[in-house]
file protein_29.cif (mmCIF, C-alpha atoms)
data_my_file
#
loop_
_atom_site.group_PDB
_atom_site.id
_atom_site.type_symbol
_atom_site.label_atom_id
_atom_site.label_comp_id
_atom_site.auth_asym_id
_atom_site.auth_seq_id
_atom_site.Cartn_x
_atom_site.Cartn_y
_atom_site.Cartn_z
ATOM 1 C CA MET Z 1 97.296 68.792 41.872
ATOM 2 C CA ASN Z 2 98.364 72.464 41.969
ATOM 3 C CA HIS Z 3 97.849 73.744 38.445
ATOM 4 C CA LEU Z 4 98.914 77.312 39.237
ATOM 5 C CA ASP Z 5 102.379 78.544 38.278
ATOM 6 C CA PRO Z 6 104.632 78.634 41.372
ATOM 7 C CA ALA Z 7 107.063 80.946 39.582
ATOM 8 C CA GLN Z 8 104.510 83.717 39.935
ATOM 9 C CA GLY Z 9 105.442 83.841 43.601
ATOM 10 C CA LEU Z 10 108.570 85.727 42.557
ATOM 11 C CA LEU Z 11 106.339 88.654 41.673
ATOM 12 C CA PHE Z 12 105.186 89.060 45.229
ATOM 13 C CA GLY Z 13 108.066 87.837 47.394
ATOM 14 C CA SER Z 14 107.879 85.691 50.504
ATOM 15 C CA GLY Z 15 105.926 86.481 53.634
ATOM 16 C CA PRO Z 16 108.433 87.738 56.238
ATOM 17 C CA GLY Z 17 106.229 86.586 59.109
ATOM 18 C CA ALA Z 18 105.668 83.025 57.910
ATOM 19 C CA VAL Z 19 106.148 80.349 60.563
ATOM 20 C CA THR Z 20 109.490 78.526 60.591
ATOM 21 C CA ASP Z 21 109.764 74.880 59.555
ATOM 22 C CA ASP Z 22 111.007 73.689 62.946
ATOM 23 C CA LEU Z 23 107.607 74.174 64.632
ATOM 24 C CA ALA Z 24 106.449 71.009 62.856
ATOM 25 C CA HIS Z 25 108.810 68.921 64.990
ATOM 26 C CA ARG Z 26 106.786 69.614 68.131
ATOM 27 C CA GLU Z 27 103.414 71.164 67.237
ATOM 28 C CA LEU Z 28 100.786 70.972 64.517
ATOM 29 C CA ARG Z 29 99.007 74.321 64.402
ATOM 30 C CA LEU Z 30 96.047 74.122 62.011
ATOM 31 C CA ILE Z 31 93.939 77.050 60.865
ATOM 32 C CA ALA Z 32 90.751 76.372 58.915
ATOM 33 C CA ALA Z 33 89.334 79.513 57.313
ATOM 34 C CA ASN Z 34 86.661 80.294 54.764
ATOM 35 C CA VAL Z 35 88.314 83.096 52.765
ATOM 36 C CA GLU Z 36 85.171 84.334 50.967
ATOM 37 C CA GLY Z 37 86.513 83.841 47.460
ATOM 38 C CA ALA Z 38 89.982 85.296 48.215
ATOM 39 C CA PRO Z 39 89.568 88.222 45.772
ATOM 40 C CA THR Z 40 92.686 90.132 44.758
ATOM 41 C CA ALA Z 41 91.612 93.229 46.702
ATOM 42 C CA ARG Z 42 91.877 91.307 49.996
ATOM 43 C CA THR Z 43 94.611 88.802 49.191
ATOM 44 C CA GLN Z 44 97.513 90.695 50.769
ATOM 45 C CA ARG Z 45 95.562 91.351 53.972
ATOM 46 C CA LEU Z 46 94.596 87.672 54.102
ATOM 47 C CA LEU Z 47 98.207 86.579 53.612
ATOM 48 C CA SER Z 48 99.423 88.928 56.343
ATOM 49 C CA TRP Z 49 96.776 87.581 58.712
ATOM 50 C CA LEU Z 50 97.711 83.970 57.931
ATOM 51 C CA TYR Z 51 101.430 84.591 58.446
ATOM 52 C CA GLU Z 52 100.805 86.435 61.708
ATOM 53 C CA SER Z 53 98.748 83.468 62.964
ATOM 54 C CA GLY Z 54 101.860 81.305 63.172
ATOM 55 C CA ALA Z 55 99.997 78.329 61.691
ATOM 56 C CA ASN Z 56 101.989 75.654 59.894
ATOM 57 C CA VAL Z 57 98.916 73.940 58.398
ATOM 58 C CA LEU Z 58 96.310 75.952 56.491
ATOM 59 C CA VAL Z 59 92.951 74.767 55.168
ATOM 60 C CA LEU Z 60 91.440 77.581 53.116
ATOM 61 C CA SER Z 61 87.921 77.019 51.828
ATOM 62 C CA GLU Z 62 85.819 78.971 49.321
ATOM 63 C CA VAL Z 63 88.868 79.880 47.242
ATOM 64 C CA ARG Z 64 87.558 81.037 43.889
ATOM 65 C CA PHE Z 65 89.747 80.272 40.880
ATOM 66 C CA GLY Z 66 91.113 83.495 39.394
ATOM 67 C CA PRO Z 67 93.762 86.169 40.006
ATOM 68 C CA GLY Z 68 93.230 86.195 43.778
ATOM 69 C CA ALA Z 69 93.776 82.429 43.974
ATOM 70 C CA HIS Z 70 96.901 82.721 41.802
ATOM 71 C CA ARG Z 71 98.367 85.338 44.080
ATOM 72 C CA LEU Z 72 97.417 83.446 47.248
ATOM 73 C CA VAL Z 73 99.006 80.197 46.096
ATOM 74 C CA SER Z 74 102.077 81.877 44.639
ATOM 75 C CA ASP Z 75 102.851 83.856 47.783
ATOM 76 C CA LEU Z 76 102.355 80.831 50.036
ATOM 77 C CA GLU Z 77 104.733 78.793 47.899
ATOM 78 C CA ALA Z 78 107.292 81.601 47.842
ATOM 79 C CA SER Z 79 107.053 81.661 51.641
ATOM 80 C CA GLY Z 80 107.967 77.982 51.888
ATOM 81 C CA TYR Z 81 104.546 76.347 52.116
ATOM 82 C CA THR Z 82 103.747 73.216 50.136
ATOM 83 C CA VAL Z 83 100.392 73.980 48.528
ATOM 84 C CA ARG Z 84 97.821 71.502 47.236
ATOM 85 C CA LEU Z 85 94.541 72.022 45.434
ATOM 86 C CA ARG Z 86 92.668 70.172 42.750
ATOM 87 C CA ASP Z 87 92.086 71.403 39.215
ATOM 88 C CA ARG Z 88 89.014 73.446 38.416
ATOM 89 C CA ASP Z 89 85.796 71.486 38.018
ATOM 90 C CA PRO Z 90 84.015 72.596 34.807
ATOM 91 C CA ASP Z 91 80.691 71.521 36.320
ATOM 92 C CA ASP Z 92 81.070 73.952 39.251
ATOM 93 C CA ALA Z 93 79.517 77.222 38.098
ATOM 94 C CA TYR Z 94 81.277 79.134 40.871
ATOM 95 C CA ALA Z 95 84.636 77.353 40.460
ATOM 96 C CA TYR Z 96 85.526 77.080 44.150
ATOM 97 C CA ALA Z 97 88.335 75.021 45.642
ATOM 98 C CA VAL Z 98 89.970 74.149 48.949
ATOM 99 C CA VAL Z 99 93.635 75.066 49.313
ATOM 100 C CA VAL Z 100 95.735 73.026 51.760
ATOM 101 C CA ALA Z 101 99.129 74.530 52.581
ATOM 102 C CA THR Z 102 101.691 73.109 55.018
ATOM 103 C CA LYS Z 103 105.116 74.184 56.244
ATOM 104 C CA GLY Z 104 107.778 71.910 57.681
ATOM 105 C CA TYR Z 105 105.982 68.675 56.776
ATOM 106 C CA THR Z 106 106.334 66.017 54.139
ATOM 107 C CA ASN Z 107 103.101 66.579 52.265
ATOM 108 C CA ALA Z 108 101.847 64.043 49.700
ATOM 109 C CA PRO Z 109 98.507 64.205 47.853
ATOM 110 C CA VAL Z 110 95.939 61.536 48.729
ATOM 111 C CA ALA Z 111 93.396 60.290 46.197
ATOM 112 C CA LEU Z 112 89.812 59.910 47.374
ATOM 113 C CA SER Z 113 86.988 58.071 45.611
ATOM 114 C CA PHE Z 114 85.104 61.384 45.298
ATOM 115 C CA SER Z 115 87.109 63.797 43.170
ATOM 116 C CA THR Z 116 86.168 67.453 43.566
ATOM 117 C CA PRO Z 117 88.105 70.728 44.039
ATOM 118 C CA ARG Z 118 85.937 71.223 47.126
ATOM 119 C CA MET Z 119 87.804 68.402 48.893
ATOM 120 C CA THR Z 120 91.611 68.309 49.016
ATOM 121 C CA ALA Z 121 93.424 65.505 50.852
ATOM 122 C CA VAL Z 122 97.097 65.177 51.812
ATOM 123 C CA ARG Z 123 99.150 62.881 54.013
ATOM 124 C CA LEU Z 124 101.344 64.635 56.559
ATOM 125 C CA GLU Z 125 104.271 63.021 58.330
ATOM 126 C CA THR Z 126 104.023 64.611 61.768
ATOM 127 C CA HIS Z 127 105.575 64.207 65.223
ATOM 128 C CA LEU Z 128 102.392 62.236 66.052
ATOM 129 C CA GLY Z 129 102.870 59.938 63.063
ATOM 130 C CA PRO Z 130 101.138 60.077 59.679
ATOM 131 C CA ILE Z 131 97.862 62.030 59.539
ATOM 132 C CA ASP Z 132 95.610 62.309 56.511
ATOM 133 C CA LEU Z 133 94.338 65.878 56.358
ATOM 134 C CA ILE Z 134 91.210 66.588 54.319
ATOM 135 C CA GLY Z 135 90.036 70.100 53.571
ATOM 136 C CA LEU Z 136 86.318 70.403 52.800
ATOM 137 C CA TYR Z 137 84.116 73.144 51.385
ATOM 138 C CA SER Z 138 80.604 71.772 51.252
ATOM 139 C CA LEU Z 139 77.781 73.158 49.150
ATOM 140 C CA THR Z 140 76.046 76.273 50.428
ATOM 141 C CA ASN Z 141 72.440 76.228 51.530
ATOM 142 C CA GLY Z 142 70.656 77.822 48.566
ATOM 143 C CA MET Z 143 67.255 77.918 50.297
ATOM 144 C CA THR Z 144 65.542 75.866 47.567
ATOM 145 C CA ALA Z 145 64.453 72.243 47.223
ATOM 146 C CA GLU Z 146 66.889 71.777 44.333
ATOM 147 C CA SER Z 147 69.731 73.175 46.414
ATOM 148 C CA SER Z 148 68.833 70.795 49.233
ATOM 149 C CA GLN Z 149 68.920 67.819 46.862
ATOM 150 C CA ARG Z 150 72.326 68.822 45.472
ATOM 151 C CA ARG Z 151 73.667 69.344 48.973
ATOM 152 C CA ARG Z 152 72.397 65.968 50.126
ATOM 153 C CA ALA Z 153 73.992 64.192 47.144
ATOM 154 C CA PHE Z 154 77.288 65.981 47.808
ATOM 155 C CA GLN Z 155 77.188 65.040 51.495
ATOM 156 C CA GLU Z 156 76.549 61.391 50.642
ATOM 157 C CA GLN Z 157 79.526 61.364 48.256
ATOM 158 C CA VAL Z 158 81.760 62.872 50.932
ATOM 159 C CA LEU Z 159 80.660 60.294 53.511
ATOM 160 C CA THR Z 160 81.217 57.422 51.087
ATOM 161 C CA ALA Z 161 84.685 58.704 50.186
ATOM 162 C CA LEU Z 162 85.671 59.051 53.835
ATOM 163 C CA HIS Z 163 84.283 55.625 54.716
ATOM 164 C CA ASP Z 164 86.220 54.043 51.837
ATOM 165 C CA HIS Z 165 89.398 55.878 52.798
ATOM 166 C CA LEU Z 166 89.226 54.905 56.448
ATOM 167 C CA LYS Z 167 88.526 51.286 55.542
ATOM 168 C CA ALA Z 168 91.563 51.217 53.247
ATOM 169 C CA ASN Z 169 93.806 53.032 55.769
ATOM 170 C CA PRO Z 170 92.693 51.818 59.212
ATOM 171 C CA ASP Z 171 95.954 52.738 60.925
ATOM 172 C CA VAL Z 172 96.167 56.345 59.708
ATOM 173 C CA PRO Z 173 94.089 58.895 61.643
ATOM 174 C CA ILE Z 174 92.401 61.707 59.757
ATOM 175 C CA ALA Z 175 91.621 65.351 60.332
ATOM 176 C CA ILE Z 176 88.873 66.953 58.272
ATOM 177 C CA ALA Z 177 88.518 70.717 58.421
ATOM 178 C CA GLY Z 178 86.786 73.530 56.588
ATOM 179 C CA ASP Z 179 83.397 75.045 55.935
ATOM 180 C CA PHE Z 180 80.932 72.151 56.110
ATOM 181 C CA ASN Z 181 77.932 74.482 55.729
ATOM 182 C CA VAL Z 182 76.003 72.495 58.370
ATOM 183 C CA LEU Z 183 75.191 72.884 62.048
ATOM 184 C CA GLU Z 184 75.561 70.327 64.782
ATOM 185 C CA PRO Z 185 72.246 68.910 66.059
ATOM 186 C CA GLY Z 186 70.872 70.991 68.901
ATOM 187 C CA HIS Z 187 72.610 74.131 67.679
ATOM 188 C CA GLN Z 188 71.519 77.281 69.491
ATOM 189 C CA PRO Z 189 69.822 79.453 68.478
ATOM 190 C CA PRO Z 190 67.547 77.085 66.533
ATOM 191 C CA CYS Z 191 67.729 77.516 62.770
ATOM 192 C CA ASP Z 192 65.083 76.235 60.353
ATOM 193 C CA LEU Z 193 67.151 76.898 57.217
ATOM 194 C CA PHE Z 194 68.741 73.444 57.257
ATOM 195 C CA ALA Z 195 67.111 70.136 56.312
ATOM 196 C CA GLN Z 196 67.357 66.987 58.381
ATOM 197 C CA HIS Z 197 70.029 65.577 56.059
ATOM 198 C CA ASP Z 198 72.301 68.500 56.990
ATOM 199 C CA TYR Z 199 72.204 67.573 60.675
ATOM 200 C CA THR Z 200 72.527 63.898 59.730
ATOM 201 C CA PHE Z 201 75.681 64.722 57.746
ATOM 202 C CA TYR Z 202 77.360 66.152 60.840
ATOM 203 C CA SER Z 203 76.230 63.176 62.969
ATOM 204 C CA GLU Z 204 77.416 60.629 60.409
ATOM 205 C CA LEU Z 205 80.817 62.285 60.242
ATOM 206 C CA LEU Z 206 81.178 61.730 63.982
ATOM 207 C CA ALA Z 207 79.934 58.155 63.524
ATOM 208 C CA LEU Z 208 83.004 57.513 61.360
ATOM 209 C CA GLY Z 209 85.030 57.720 64.572
ATOM 210 C CA LEU Z 210 85.665 61.475 64.581
ATOM 211 C CA THR Z 211 85.664 64.022 67.388
ATOM 212 C CA ASP Z 212 84.686 67.680 67.046
ATOM 213 C CA ALA Z 213 87.820 69.445 68.301
ATOM 214 C CA TYR Z 214 86.000 72.635 69.321
ATOM 215 C CA ARG Z 215 83.264 70.749 71.158
ATOM 216 C CA HIS Z 216 85.888 68.469 72.766
ATOM 217 C CA LEU Z 217 87.469 71.429 74.562
ATOM 218 C CA ASN Z 218 84.402 73.668 74.725
ATOM 219 C CA PRO Z 219 81.482 71.411 75.690
ATOM 220 C CA ASP Z 220 79.226 74.411 76.375
ATOM 221 C CA GLY Z 221 80.702 76.745 73.768
ATOM 222 C CA ALA Z 222 78.180 78.786 71.796
ATOM 223 C CA GLU Z 223 80.487 80.787 69.522
ATOM 224 C CA ALA Z 224 79.687 81.170 65.839
ATOM 225 C CA THR Z 225 81.832 81.323 62.719
ATOM 226 C CA TRP Z 226 79.211 83.101 60.578
ATOM 227 C CA HIS Z 227 76.327 85.436 61.294
ATOM 228 C CA GLY Z 228 73.095 85.669 59.302
ATOM 229 C CA PRO Z 229 69.454 86.686 59.633
ATOM 230 C CA GLN Z 230 68.768 83.862 62.101
ATOM 231 C CA GLY Z 231 71.758 84.622 64.296
ATOM 232 C CA GLY Z 232 75.223 83.170 64.668
ATOM 233 C CA GLN Z 233 76.005 79.752 63.223
ATOM 234 C CA ARG Z 234 79.033 77.473 63.619
ATOM 235 C CA LEU Z 235 79.336 76.324 60.018
ATOM 236 C CA ASP Z 236 83.102 75.731 60.094
ATOM 237 C CA HIS Z 237 84.480 72.668 61.841
ATOM 238 C CA THR Z 238 87.615 70.663 62.578
ATOM 239 C CA LEU Z 239 86.998 66.960 63.199
ATOM 240 C CA LEU Z 240 89.732 64.514 64.204
ATOM 241 C CA SER Z 241 90.016 60.771 64.545
ATOM 242 C CA THR Z 242 89.127 60.146 68.165
ATOM 243 C CA ASN Z 243 92.573 58.747 68.969
ATOM 244 C CA LEU Z 244 94.012 62.198 68.171
ATOM 245 C CA ALA Z 245 91.749 63.955 70.683
ATOM 246 C CA PRO Z 246 94.191 63.543 73.636
ATOM 247 C CA SER Z 247 96.778 65.469 71.605
ATOM 248 C CA VAL Z 248 94.530 68.531 71.177
ATOM 249 C CA ARG Z 249 95.898 71.338 73.349
ATOM 250 C CA ALA Z 250 93.742 74.175 72.025
ATOM 251 C CA CYS Z 251 90.814 74.766 69.720
ATOM 252 C CA ARG Z 252 89.534 78.293 69.470
ATOM 253 C CA LEU Z 253 87.646 80.499 67.062
ATOM 254 C CA GLU Z 254 89.583 83.396 65.560
ATOM 255 C CA HIS Z 255 87.173 86.301 65.112
ATOM 256 C CA THR Z 256 89.672 88.945 63.993
ATOM 257 C CA ILE Z 257 89.630 87.705 60.399
ATOM 258 C CA ARG Z 258 85.931 88.587 60.351
ATOM 259 C CA SER Z 259 86.058 91.770 62.440
ATOM 260 C CA GLN Z 260 88.823 93.088 60.160
ATOM 261 C CA LYS Z 261 86.590 92.280 57.144
ATOM 262 C CA ILE Z 262 89.153 89.937 55.590
ATOM 263 C CA SER Z 263 86.385 87.305 55.396
ATOM 264 C CA ASP Z 264 82.754 86.987 56.412
ATOM 265 C CA HIS Z 265 83.647 83.899 58.494
ATOM 266 C CA SER Z 266 85.662 83.470 61.660
ATOM 267 C CA ALA Z 267 88.444 80.891 61.477
ATOM 268 C CA ILE Z 268 89.315 77.924 63.703
ATOM 269 C CA THR Z 269 92.746 77.261 65.197
ATOM 270 C CA THR Z 270 93.435 73.733 66.434
ATOM 271 C CA VAL Z 271 96.747 72.895 68.116
ATOM 272 C CA LEU Z 272 98.052 69.314 68.464
ATOM 273 C CA GLN Z 273 101.149 68.495 70.494
#
call {"tool": "encode", "arguments": {"input": "protein_29.cif", "output": "structure tokens"}}
result
Amino acid sequence: MNHLDPAQGLLFGSGPGAVTDDLAHRELRLIAANVEGAPTARTQRLLSWLYESGANVLVLSEVRFGPGAHRLVSDLEASGYTVRLRDRDPDDAYAYAVVVATKGYTNAPVALSFSTPRMTAVRLETHLGPIDLIGLYSLTNGMTAESSQRRRAFQEQVLTALHDHLKANPDVPIAIAGDFNVLEPGHQPPCDLFAQHDYTFYSELLALGLTDAYRHLNPDGAEATWHGPQGGQRLDHTLLSTNLAPSVRACRLEHTIRSQKISDHSAITTVLQ
């Protein structure tokens, strides 16, 4: 549920460069971006970047509840996007959420067995048929044993929720996108900051019948969405039910959002026709 006041959008006006609704009749253009909290100081630059992207489906992870989130949601709604996010979790000390925003689609919230603001699910009625879109912001690697245990428990809850959802909706493909905070097995350069369960999480997501859209079109791609002390890492992913893979026309990393210091992550654009 979106608990923010949509009327606040009137304070900011609509984005003049927002994509038109008619694109949805022929193309699903998804951007998944970690927005590094979406603080107020960067919100307008982020919105301008999103509108200029021409995307009609947005999955925005690491959105921190507060004035920046209010402005982000309000402006998107004023620009014609249907925006979904879950209410703040009092047990989340950092109060992060995933925002899913779509334009030109019938967009209905989907309940999952694991309820967390870090996972937002909607059903889209698209030119390819219904697709259940799930935005995910997984727990960050805190470099401690306790952090690893929390991350593993979170990953297991996500996998269970997805398994249950797919079992209950066998005829509806899914797309799951966002900052998973894990690397694919065999990631180069090697990184010893992740535990085995992190690599297992990625592998078990694929075992649900999902295809990594970036890897599907870039089998030898070595681009990264985040850079740290141990080099570049592809922490952000878009996975699709395998029967959607033939519809993927493009999947590329968008580095300008990082080079322009709008976020510390690059984004992912995935186009389905």
call {"tool": "resolve_selection", "arguments": {"input": "protein_29.cif", "expression": "the PyMOL selection byres ((chain Z and resi 194-201) around 8)", "output": "PyMOL selection string"}}
result
chain Z and resi 141+148+152+155-156+159+182-185+191-193+202-205
call {"tool": "resolve_selection", "arguments": {"input": "protein_29.cif", "expression": "the PyMOL selection byres ((chain Z and resi 21-37) around 7)", "output": "mmCIF file with C-alpha atoms, keeping the file's coordinate frame"}}
result
data_model
loop_
_atom_site.group_PDB
_atom_site.id
_atom_site.type_symbol
_atom_site.label_atom_id
_atom_site.label_comp_id
_atom_site.auth_asym_id
_atom_site.auth_seq_id
_atom_site.Cartn_x
_atom_site.Cartn_y
_atom_site.Cartn_z
ATOM 1 C CA VAL Z 19 106.148 80.349 60.563
ATOM 2 C CA THR Z 20 109.490 78.526 60.591
ATOM 3 C CA ALA Z 38 89.982 85.296 48.215
ATOM 4 C CA PRO Z 39 89.568 88.222 45.772
ATOM 5 C CA ALA Z 55 99.997 78.329 61.691
ATOM 6 C CA ASN Z 56 101.989 75.654 59.894
ATOM 7 C CA VAL Z 57 98.916 73.940 58.398
ATOM 8 C CA LEU Z 58 96.310 75.952 56.491
ATOM 9 C CA VAL Z 59 92.951 74.767 55.168
ATOM 10 C CA LEU Z 60 91.440 77.581 53.116
ATOM 11 C CA SER Z 61 87.921 77.019 51.828
ATOM 12 C CA GLU Z 62 85.819 78.971 49.321
ATOM 13 C CA VAL Z 63 88.868 79.880 47.242
ATOM 14 C CA ARG Z 64 87.558 81.037 43.889
ATOM 15 C CA LYS Z 103 105.116 74.184 56.244
ATOM 16 C CA GLY Z 104 107.778 71.910 57.681
ATOM 17 C CA TYR Z 105 105.982 68.675 56.776
ATOM 18 C CA THR Z 126 104.023 64.611 61.768
ATOM 19 C CA HIS Z 127 105.575 64.207 65.223
ATOM 20 C CA ALA Z 177 88.518 70.717 58.421
ATOM 21 C CA GLY Z 178 86.786 73.530 56.588
ATOM 22 C CA ASP Z 179 83.397 75.045 55.935
ATOM 23 C CA SER Z 263 86.385 87.305 55.396
ATOM 24 C CA ASP Z 264 82.754 86.987 56.412
ATOM 25 C CA HIS Z 265 83.647 83.899 58.494
ATOM 26 C CA SER Z 266 85.662 83.470 61.660
ATOM 27 C CA ALA Z 267 88.444 80.891 61.477
ATOM 28 C CA ILE Z 268 89.315 77.924 63.703
ATOM 29 C CA THR Z 269 92.746 77.261 65.197
ATOM 30 C CA THR Z 270 93.435 73.733 66.434
ATOM 31 C CA VAL Z 271 96.747 72.895 68.116
ATOM 32 C CA LEU Z 272 98.052 69.314 68.464
ATOM 33 C CA GLN Z 273 101.149 68.495 70.494
#
call {"tool": "resolve_selection", "arguments": {"input": "protein_29.cif", "expression": "the PyMOL selection byres ((chain Z and resi 130) around 12)", "output": "PyMOL selection string"}}
result
chain Z and resi 28+105-108+122-129+131-133+169-175+244
call {"tool": "atom_distance", "arguments": {"input": "protein_29.cif", "atom1": "atom CA of Ser48 of chain Z", "atom2": "atom CA of Asp75 of chain Z"}}
result
10.5 Å
call {"tool": "atom_distance", "arguments": {"input": "protein_29.cif", "atom1": "atom CA of Pro117 of chain Z", "atom2": "atom CA of Leu85 of chain Z"}}
result
6.7 Å
call {"tool": "closest_residue", "arguments": {"input": "protein_29.cif", "among": "Z:His165, Z:Arg88, Z:His237, Z:Arg71", "to": "Ala111 of chain Z", "atoms": "only C-alpha atoms"}}
result
Z:His165
call {"tool": "atom_distance", "arguments": {"input": "protein_29.cif", "atom1": "atom CA of His187 of chain Z", "atom2": "atom CA of Leu239 of chain Z"}}
result
16.7 Å
call {"tool": "closest_residue", "arguments": {"input": "protein_29.cif", "among": "Z:Thr116, Z:Asn243, Z:Gln233, Z:Ser138", "to": "Arg150 of chain Z", "atoms": "only C-alpha atoms"}}
result
Z:Ser138
call {"tool": "decode", "arguments": {"input": "protein_29.cif", "residues": "segment 219-226 of chain Z", "atoms": "all heavy atoms", "output": "tab-separated table (two decimals), in the first residue's frame"}}
result
chain	number	residue	atom	x	y	z
Z	219	PRO	N	26.45	-12.96	-22.34
Z	219	PRO	CA	27.01	-14.15	-21.69
Z	219	PRO	C	28.42	-13.95	-21.15
Z	219	PRO	O	28.81	-14.61	-20.19
Z	219	PRO	CB	26.99	-15.22	-22.79
Z	219	PRO	CG	26.82	-14.47	-24.07
Z	219	PRO	CD	26.06	-13.25	-23.74
Z	220	ASP	N	29.18	-13.03	-21.74
Z	220	ASP	CA	30.55	-12.78	-21.26
Z	220	ASP	C	30.68	-11.41	-20.61
Z	220	ASP	O	31.79	-10.94	-20.37
Z	220	ASP	CB	31.54	-12.88	-22.43
Z	220	ASP	CG	31.52	-14.26	-23.07
Z	220	ASP	OD1	31.50	-15.25	-22.32
Z	220	ASP	OD2	31.52	-14.34	-24.31
Z	221	GLY	N	29.56	-10.76	-20.35
Z	221	GLY	CA	29.59	-9.41	-19.79
Z	221	GLY	C	30.24	-9.37	-18.41
Z	221	GLY	O	30.01	-10.26	-17.58
Z	222	ALA	N	31.04	-8.37	-18.17
Z	222	ALA	CA	31.74	-8.24	-16.89
Z	222	ALA	C	31.51	-6.86	-16.27
Z	222	ALA	O	32.29	-6.41	-15.44
Z	222	ALA	CB	33.23	-8.48	-17.07
Z	223	GLU	N	30.43	-6.19	-16.66
Z	223	GLU	CA	30.13	-4.88	-16.10
Z	223	GLU	C	29.67	-5.00	-14.65
Z	223	GLU	O	29.18	-6.04	-14.23
Z	223	GLU	CB	29.05	-4.18	-16.92
Z	223	GLU	CG	29.47	-3.81	-18.33
Z	223	GLU	CD	28.32	-3.16	-19.07
Z	223	GLU	OE1	27.48	-3.90	-19.62
Z	223	GLU	OE2	28.25	-1.92	-19.09
Z	224	ALA	N	29.81	-3.91	-13.92
Z	224	ALA	CA	29.43	-3.88	-12.52
Z	224	ALA	C	28.39	-2.78	-12.28
Z	224	ALA	O	28.34	-1.79	-13.00
Z	224	ALA	CB	30.65	-3.63	-11.64
Z	225	THR	N	27.58	-2.98	-11.25
Z	225	THR	CA	26.63	-1.93	-10.86
Z	225	THR	C	27.08	-1.17	-9.63
Z	225	THR	O	26.49	-0.16	-9.27
Z	225	THR	CB	25.24	-2.53	-10.59
Z	225	THR	OG1	25.33	-3.48	-9.52
Z	225	THR	CG2	24.68	-3.21	-11.82
Z	226	TRP	N	28.13	-1.66	-8.97
Z	226	TRP	CA	28.64	-0.98	-7.76
Z	226	TRP	C	30.14	-1.26	-7.68
Z	226	TRP	O	30.61	-2.32	-8.10
Z	226	TRP	CB	27.93	-1.52	-6.52
Z	226	TRP	CG	28.30	-0.81	-5.24
Z	226	TRP	CD1	27.80	0.37	-4.79
Z	226	TRP	CD2	29.25	-1.25	-4.26
Z	226	TRP	NE1	28.39	0.70	-3.59
Z	226	TRP	CE2	29.28	-0.28	-3.24
Z	226	TRP	CE3	30.08	-2.37	-4.16
Z	226	TRP	CZ2	30.09	-0.39	-2.12
Z	226	TRP	CZ3	30.90	-2.49	-3.05
Z	226	TRP	CH2	30.89	-1.51	-2.04
